[in-house]
Amino acid sequence: MLDPVIEFFGKIFSAIKRGFLAVIAFILAPFVALIAWYKASGWILRIVIGFVVFFIFGGYGYFTYNTQVWHGFDPQYTDKYEFSEAAIPGTVVGNDLCAPSGIVTVTGDLIDFNVNQNAWVSSSLLYKAGFFGIDWDHTPFFDNKASFQRGVNQAIRRTTAELVDTLGRVRGTSQVDNDLQEARGVMQTDEERWYFSTNPFGFTTPSQSYYRTGQGHLNGYNQRLVKCDAVFDARADNLIRFLDRIASDIGSTSAILRTRSESSNAGWFDTRADDRFWFAFGQLYAYHGILQAAHADFVEVISQRNLDRPWDEMEEQLVAALRIQPAVISNGNESGWIMPTHLATMGFYILRFRSNLIEIRSILDR
């Protein structure tokens with residue numbers, strides 16, 4: 001009784017197998033033809049082609065490694081700093097030495113994390129080349145780390161600007177610190193700058209080299225601060241301005257997330273959702289450390305205004321936001337039940353963080 005059924009299904013599976021093998025053969029046919037042509041070519045041409053293939057596969061292998069492996073990534077990286085034992089920057093701590101700035105230390109370490117511990121992805125040749133001419137940011141592949149690094153870099157740029165304009169100068173003077181000025185200048189460098197400019201014959205310096213220079217200038221400023229040969233003005237009005245700039249920076253990112261969330265409900269198929277999400281994550285990752293350092297640098301102001309509890313709440317919001325690390329970013333409808341909406345979730349945490357900043361700023365301004 002079962003023999004006809006078994007024979008019937010056997011024919012079906014045999015047909016499926018033949019069809020599958022035919023598809024595989026069709027896919028492999030161009031490669032088989034290329035291999036046959038390569039074997040029939042002269043040895044000089046084969047050597048040239050071999051080198052080209054080697055560099056292509058080697059280059060993409062290195063590119064894949066750099067974009068998928070995140071060295072030193074740790075949302076709890078602030079635990080390594082002993083901020084509780086820090087003194088106000090520029091104050092004498094003994095033996096004719098002064099305290100360094102935690103903000104400057106963390107900012108320099110974030111640059112090191114971006115361009116020394118990891119390869120700077122945005123200016124690499126294969127990232128700039130894109131996916132068959134399509135910008136990697138418009139694909140679901142290989143752009144998460146680049147977006148994250150750019151988010152970290154955005155926070156670094158904002159911080160270096162405030163160090164020059166307010167924190168690293170004496171009130172009532174126009175004198176700026178040369179190291180901080182140089183750091184701000186190089187950190188504004190185009191993030192996609194490679195060895196060659198738009199002119200193929202114009203040799204330039206890539207972005208990461210400029211950023212390393214910025215780290216050196218920040219370290220130089222802190223070294224002079226330790227020698228009591230530099231200024232850090234830890235006044236309440238400077239902290240207010242610093243928090244204002246961060247709130248504005250984060251507000252712009254929140255608007256970007258909201259716009260994308262409202263304009264697309266493609267869920268896991270939204271190819272721009274991941275770079276928006278990881279850019280915001282990178283900003284919060286950087287501000288997590290920078291604001292903990294600011295707590296230490298402005299500890300006297302924060303203590304006098306009874307801001308320890310609101311500040312701790314703000315840091316808790318940052319920690320909660322950094323726990324959101326989905327493997328695949330989905331930009332679904334907020335009322336949907338199949339596909340999550342990670343952009344709206346991240347936007348929610350950013351707004352809560354921003355509201356904490358504004359609350360602290362208002363207390364300081366009383």
# chains A, B, ... in the order shown; residues from 1 in each chain; ligands from 1
$ residues_around --residues "A:Pro75" --least-positions-apart "4" --cutoff "12 Å" --atoms "only C-alpha atoms" --output "ChimeraX atom specification"
/A:79-80,281-289,318-325
$ closest_atom_pairs --of "stretch 21-107 of chain A" --to "stretch 226-233 of chain A" --cutoff "12 Å" --atoms "only C-alpha atoms" --output "Markdown table"
| residue | atom | partner | partner_atom | distance |
| --- | --- | --- | --- | --- |
| A:Ala87 | CA | A:Val226 | CA | 11.3 |
| A:Ile88 | CA | A:Phe232 | CA | 8.7 |
| A:Pro89 | CA | A:Phe232 | CA | 6.0 |
| A:Gly90 | CA | A:Phe232 | CA | 6.0 |
| A:Thr91 | CA | A:Cys228 | CA | 7.8 |
| A:Val92 | CA | A:Cys228 | CA | 7.5 |
| A:Val93 | CA | A:Val226 | CA | 9.2 |
| A:Gly94 | CA | A:Val226 | CA | 10.5 |
| A:Asn95 | CA | A:Lys227 | CA | 10.0 |
| A:Asp96 | CA | A:Lys227 | CA | 7.3 |
| A:Leu97 | CA | A:Lys227 | CA | 5.4 |
| A:Cys98 | CA | A:Val226 | CA | 4.5 |
| A:Ala99 | CA | A:Val226 | CA | 5.5 |
| A:Pro100 | CA | A:Val226 | CA | 5.4 |
| A:Ser101 | CA | A:Phe232 | CA | 7.6 |
| A:Gly102 | CA | A:Phe232 | CA | 10.9 |
| A:Ile103 | CA | A:Phe232 | CA | 10.5 |
| A:Val104 | CA | A:Phe232 | CA | 10.2 |
| A:Thr105 | CA | A:Val226 | CA | 11.9 |
$ residues_around --residues "A:Ala129" --least-positions-apart "5" --cutoff "12 Å" --atoms "only C-alpha atoms" --output "list in words"
Tyr60, Phe63, Val121, Ser122, Ser123, Ser124, Ile134, Asp135, Trp136, Asp137, Glu192 and Trp194 of chain A
$ write_last_selection --atoms "N, CA and C atoms" --output "PDB file, in the first residue's frame"
ATOM      1  N   TYR A  60      38.787  43.107   0.966  1.00  0.00           N
ATOM      2  CA  TYR A  60      37.435  42.950   1.504  1.00  0.00           C
ATOM      3  C   TYR A  60      37.428  42.140   2.800  1.00  0.00           C
ATOM      4  N   PHE A  63      38.478  44.672   5.320  1.00  0.00           N
ATOM      5  CA  PHE A  63      37.364  45.607   5.492  1.00  0.00           C
ATOM      6  C   PHE A  63      36.260  44.975   6.345  1.00  0.00           C
ATOM      7  N   VAL A 121      36.517  53.723  10.013  1.00  0.00           N
ATOM      8  CA  VAL A 121      35.867  53.081   8.868  1.00  0.00           C
ATOM      9  C   VAL A 121      35.473  54.085   7.786  1.00  0.00           C
ATOM     10  N   SER A 122      34.977  55.243   8.162  1.00  0.00           N
ATOM     11  CA  SER A 122      34.350  56.160   7.199  1.00  0.00           C
ATOM     12  C   SER A 122      35.281  56.624   6.094  1.00  0.00           C
ATOM     13  N   SER A 123      36.594  56.672   6.365  1.00  0.00           N
ATOM     14  CA  SER A 123      37.520  57.160   5.345  1.00  0.00           C
ATOM     15  C   SER A 123      38.265  56.032   4.632  1.00  0.00           C
ATOM     16  N   SER A 124      37.927  54.767   4.931  1.00  0.00           N
ATOM     17  CA  SER A 124      38.598  53.661   4.255  1.00  0.00           C
ATOM     18  C   SER A 124      38.141  53.579   2.798  1.00  0.00           C
ATOM     19  N   ILE A 134      26.687  51.955  -4.520  1.00  0.00           N
ATOM     20  CA  ILE A 134      25.674  52.407  -3.557  1.00  0.00           C
ATOM     21  C   ILE A 134      26.369  52.705  -2.232  1.00  0.00           C
ATOM     22  N   ASP A 135      26.078  53.856  -1.645  1.00  0.00           N
ATOM     23  CA  ASP A 135      26.655  54.222  -0.353  1.00  0.00           C
ATOM     24  C   ASP A 135      26.321  53.150   0.679  1.00  0.00           C
ATOM     25  N   TRP A 136      27.327  52.728   1.456  1.00  0.00           N
ATOM     26  CA  TRP A 136      27.071  51.692   2.457  1.00  0.00           C
ATOM     27  C   TRP A 136      25.984  52.106   3.438  1.00  0.00           C
ATOM     28  N   ASP A 137      25.843  53.421   3.685  1.00  0.00           N
ATOM     29  CA  ASP A 137      24.795  53.883   4.597  1.00  0.00           C
ATOM     30  C   ASP A 137      23.395  53.609   4.055  1.00  0.00           C
ATOM     31  N   GLU A 192      35.338  61.635   6.089  1.00  0.00           N
ATOM     32  CA  GLU A 192      35.567  60.708   4.982  1.00  0.00           C
ATOM     33  C   GLU A 192      36.844  61.039   4.201  1.00  0.00           C
ATOM     34  N   TRP A 194      40.345  60.790   2.798  1.00  0.00           N
ATOM     35  CA  TRP A 194      41.274  59.687   2.551  1.00  0.00           C
ATOM     36  C   TRP A 194      42.599  60.255   2.088  1.00  0.00           C
TER      37      TRP A 194
END
$ closest_residue --among "A:Thr160, A:Asn306, A:Gln76, A:Gln292" --to "A:Gln215" --atoms "only C-alpha atoms"
A:Thr160
$ residues_around --residues "A:Ser248" --least-positions-apart "6" --cutoff "12 Å" --atoms "only C-alpha atoms" --output "VMD selection string"
chain A and resid 155 158 241 to 242 254 to 255 350 to 351 353 to 355 357 to 358
$ residues_around --residues "stretch 182-190 of chain A" --least-positions-apart "3" --cutoff "9 Å" --atoms "only C-alpha atoms" --output "list in words"
Ser123, Asn153, Ile156, Arg157, Arg158, Thr159, Thr160, Ala161, Glu162, Leu163, Val164, Asp177, Asn178, Asp179, Arg193, Pro206, Ser207, Tyr210, Tyr211, Arg212, Thr213, Gly214, Gln215, Gly216, His217 and Leu218 of chain A
$ select_by_dssp --residues "stretch 306-355 of chain A" --states "helix (DSSP H, G or I)" --output "list of chain:residue names"
A:Asp308, A:Arg309, A:Pro310, A:Trp311, A:Asp312, A:Glu313, A:Met314, A:Glu315, A:Glu316, A:Gln317, A:Leu318, A:Val319, A:Ala320, A:Ala321, A:Leu322, A:His342, A:Leu343, A:Ala344, A:Thr345, A:Met346, A:Gly347, A:Phe348, A:Tyr349, A:Ile350, A:Leu351, A:Arg352, A:Phe353, A:Arg354, A:Ser355
$ write_last_selection --atoms "C-alpha atoms" --output "mmCIF file, in the first residue's frame"
data_model
loop_
_atom_site.group_PDB
_atom_site.id
_atom_site.type_symbol
_atom_site.label_atom_id
_atom_site.label_comp_id
_atom_site.auth_asym_id
_atom_site.auth_seq_id
_atom_site.Cartn_x
_atom_site.Cartn_y
_atom_site.Cartn_z
ATOM 1 C CA ASP A 308 24.115 65.046 42.915
ATOM 2 C CA ARG A 309 20.753 63.262 42.795
ATOM 3 C CA PRO A 310 19.523 64.810 39.483
ATOM 4 C CA TRP A 311 22.951 64.171 37.988
ATOM 5 C CA ASP A 312 22.869 60.523 39.064
ATOM 6 C CA GLU A 313 19.410 60.179 37.509
ATOM 7 C CA MET A 314 20.711 61.612 34.256
ATOM 8 C CA GLU A 315 23.568 59.109 34.220
ATOM 9 C CA GLU A 316 21.105 56.284 34.930
ATOM 10 C CA GLN A 317 19.147 57.306 31.821
ATOM 11 C CA LEU A 318 22.341 57.085 29.765
ATOM 12 C CA VAL A 319 23.152 53.651 31.150
ATOM 13 C CA ALA A 320 19.613 52.446 30.373
ATOM 14 C CA ALA A 321 19.860 53.719 26.788
ATOM 15 C CA LEU A 322 23.204 51.955 26.273
ATOM 16 C CA HIS A 342 14.055 50.606 17.877
ATOM 17 C CA LEU A 343 14.336 54.184 16.586
ATOM 18 C CA ALA A 344 11.342 55.329 18.633
ATOM 19 C CA THR A 345 12.719 53.507 21.679
ATOM 20 C CA MET A 346 16.114 55.180 21.336
ATOM 21 C CA GLY A 347 14.391 58.523 20.746
ATOM 22 C CA PHE A 348 12.421 58.053 23.959
ATOM 23 C CA TYR A 349 15.585 57.530 26.000
ATOM 24 C CA ILE A 350 17.287 60.490 24.336
ATOM 25 C CA LEU A 351 14.367 62.756 25.240
ATOM 26 C CA ARG A 352 14.454 61.556 28.847
ATOM 27 C CA PHE A 353 18.194 62.200 28.955
ATOM 28 C CA ARG A 354 17.706 65.643 27.428
ATOM 29 C CA SER A 355 14.966 66.503 29.937
#
$ atom_distance --atom1 "atom CA of A:Asn265" --atom2 "atom CA of A:Phe279"
19.2 Å
$ decode --residues "stretch 337-350 of chain A" --atoms "N, CA, C and O atoms" --output "PDB file, in the first residue's frame"
ATOM      1  N   TRP A 337       2.778  45.111  16.111  1.00  0.00           N
ATOM      2  CA  TRP A 337       3.035  44.046  17.075  1.00  0.00           C
ATOM      3  C   TRP A 337       3.974  42.980  16.529  1.00  0.00           C
ATOM      4  O   TRP A 337       4.356  42.060  17.256  1.00  0.00           O
ATOM      5  N   ILE A 338       4.381  43.099  15.278  1.00  0.00           N
ATOM      6  CA  ILE A 338       5.300  42.102  14.707  1.00  0.00           C
ATOM      7  C   ILE A 338       6.729  42.623  14.713  1.00  0.00           C
ATOM      8  O   ILE A 338       7.642  41.965  15.204  1.00  0.00           O
ATOM      9  N   MET A 339       6.938  43.808  14.143  1.00  0.00           N
ATOM     10  CA  MET A 339       8.274  44.376  14.042  1.00  0.00           C
ATOM     11  C   MET A 339       8.457  45.479  15.085  1.00  0.00           C
ATOM     12  O   MET A 339       7.640  46.397  15.158  1.00  0.00           O
ATOM     13  N   PRO A 340       9.516  45.405  15.900  1.00  0.00           N
ATOM     14  CA  PRO A 340       9.742  46.445  16.915  1.00  0.00           C
ATOM     15  C   PRO A 340      10.148  47.773  16.287  1.00  0.00           C
ATOM     16  O   PRO A 340      10.467  47.845  15.102  1.00  0.00           O
ATOM     17  N   THR A 341      10.139  48.811  17.080  1.00  0.00           N
ATOM     18  CA  THR A 341      10.516  50.135  16.601  1.00  0.00           C
ATOM     19  C   THR A 341      11.664  50.658  17.450  1.00  0.00           C
ATOM     20  O   THR A 341      11.478  51.398  18.416  1.00  0.00           O
ATOM     21  N   HIS A 342      12.876  50.256  17.092  1.00  0.00           N
ATOM     22  CA  HIS A 342      14.055  50.606  17.877  1.00  0.00           C
ATOM     23  C   HIS A 342      14.366  52.097  17.808  1.00  0.00           C
ATOM     24  O   HIS A 342      14.901  52.659  18.773  1.00  0.00           O
ATOM     25  N   LEU A 343      14.062  52.748  16.693  1.00  0.00           N
ATOM     26  CA  LEU A 343      14.336  54.184  16.586  1.00  0.00           C
ATOM     27  C   LEU A 343      13.492  54.971  17.583  1.00  0.00           C
ATOM     28  O   LEU A 343      13.981  55.892  18.241  1.00  0.00           O
ATOM     29  N   ALA A 344      12.211  54.630  17.683  1.00  0.00           N
ATOM     30  CA  ALA A 344      11.342  55.329  18.633  1.00  0.00           C
ATOM     31  C   ALA A 344      11.785  55.057  20.067  1.00  0.00           C
ATOM     32  O   ALA A 344      11.737  55.950  20.921  1.00  0.00           O
ATOM     33  N   THR A 345      12.238  53.841  20.336  1.00  0.00           N
ATOM     34  CA  THR A 345      12.719  53.507  21.679  1.00  0.00           C
ATOM     35  C   THR A 345      13.948  54.322  22.030  1.00  0.00           C
ATOM     36  O   THR A 345      14.046  54.898  23.125  1.00  0.00           O
ATOM     37  N   MET A 346      14.910  54.387  21.095  1.00  0.00           N
ATOM     38  CA  MET A 346      16.114  55.180  21.336  1.00  0.00           C
ATOM     39  C   MET A 346      15.755  56.664  21.475  1.00  0.00           C
ATOM     40  O   MET A 346      16.300  57.370  22.335  1.00  0.00           O
ATOM     41  N   GLY A 347      14.827  57.133  20.645  1.00  0.00           N
ATOM     42  CA  GLY A 347      14.391  58.523  20.746  1.00  0.00           C
ATOM     43  C   GLY A 347      13.768  58.831  22.098  1.00  0.00           C
ATOM     44  O   GLY A 347      13.959  59.922  22.646  1.00  0.00           O
ATOM     45  N   PHE A 348      13.032  57.876  22.641  1.00  0.00           N
ATOM     46  CA  PHE A 348      12.421  58.053  23.959  1.00  0.00           C
ATOM     47  C   PHE A 348      13.487  58.247  25.034  1.00  0.00           C
ATOM     48  O   PHE A 348      13.393  59.152  25.875  1.00  0.00           O
ATOM     49  N   TYR A 349      14.523  57.405  25.013  1.00  0.00           N
ATOM     50  CA  TYR A 349      15.585  57.530  26.000  1.00  0.00           C
ATOM     51  C   TYR A 349      16.371  58.831  25.825  1.00  0.00           C
ATOM     52  O   TYR A 349      16.796  59.449  26.810  1.00  0.00           O
ATOM     53  N   ILE A 350      16.576  59.237  24.577  1.00  0.00           N
ATOM     54  CA  ILE A 350      17.287  60.490  24.336  1.00  0.00           C
ATOM     55  C   ILE A 350      16.498  61.671  24.906  1.00  0.00           C
ATOM     56  O   ILE A 350      17.071  62.580  25.515  1.00  0.00           O
TER      57      ILE A 350
END
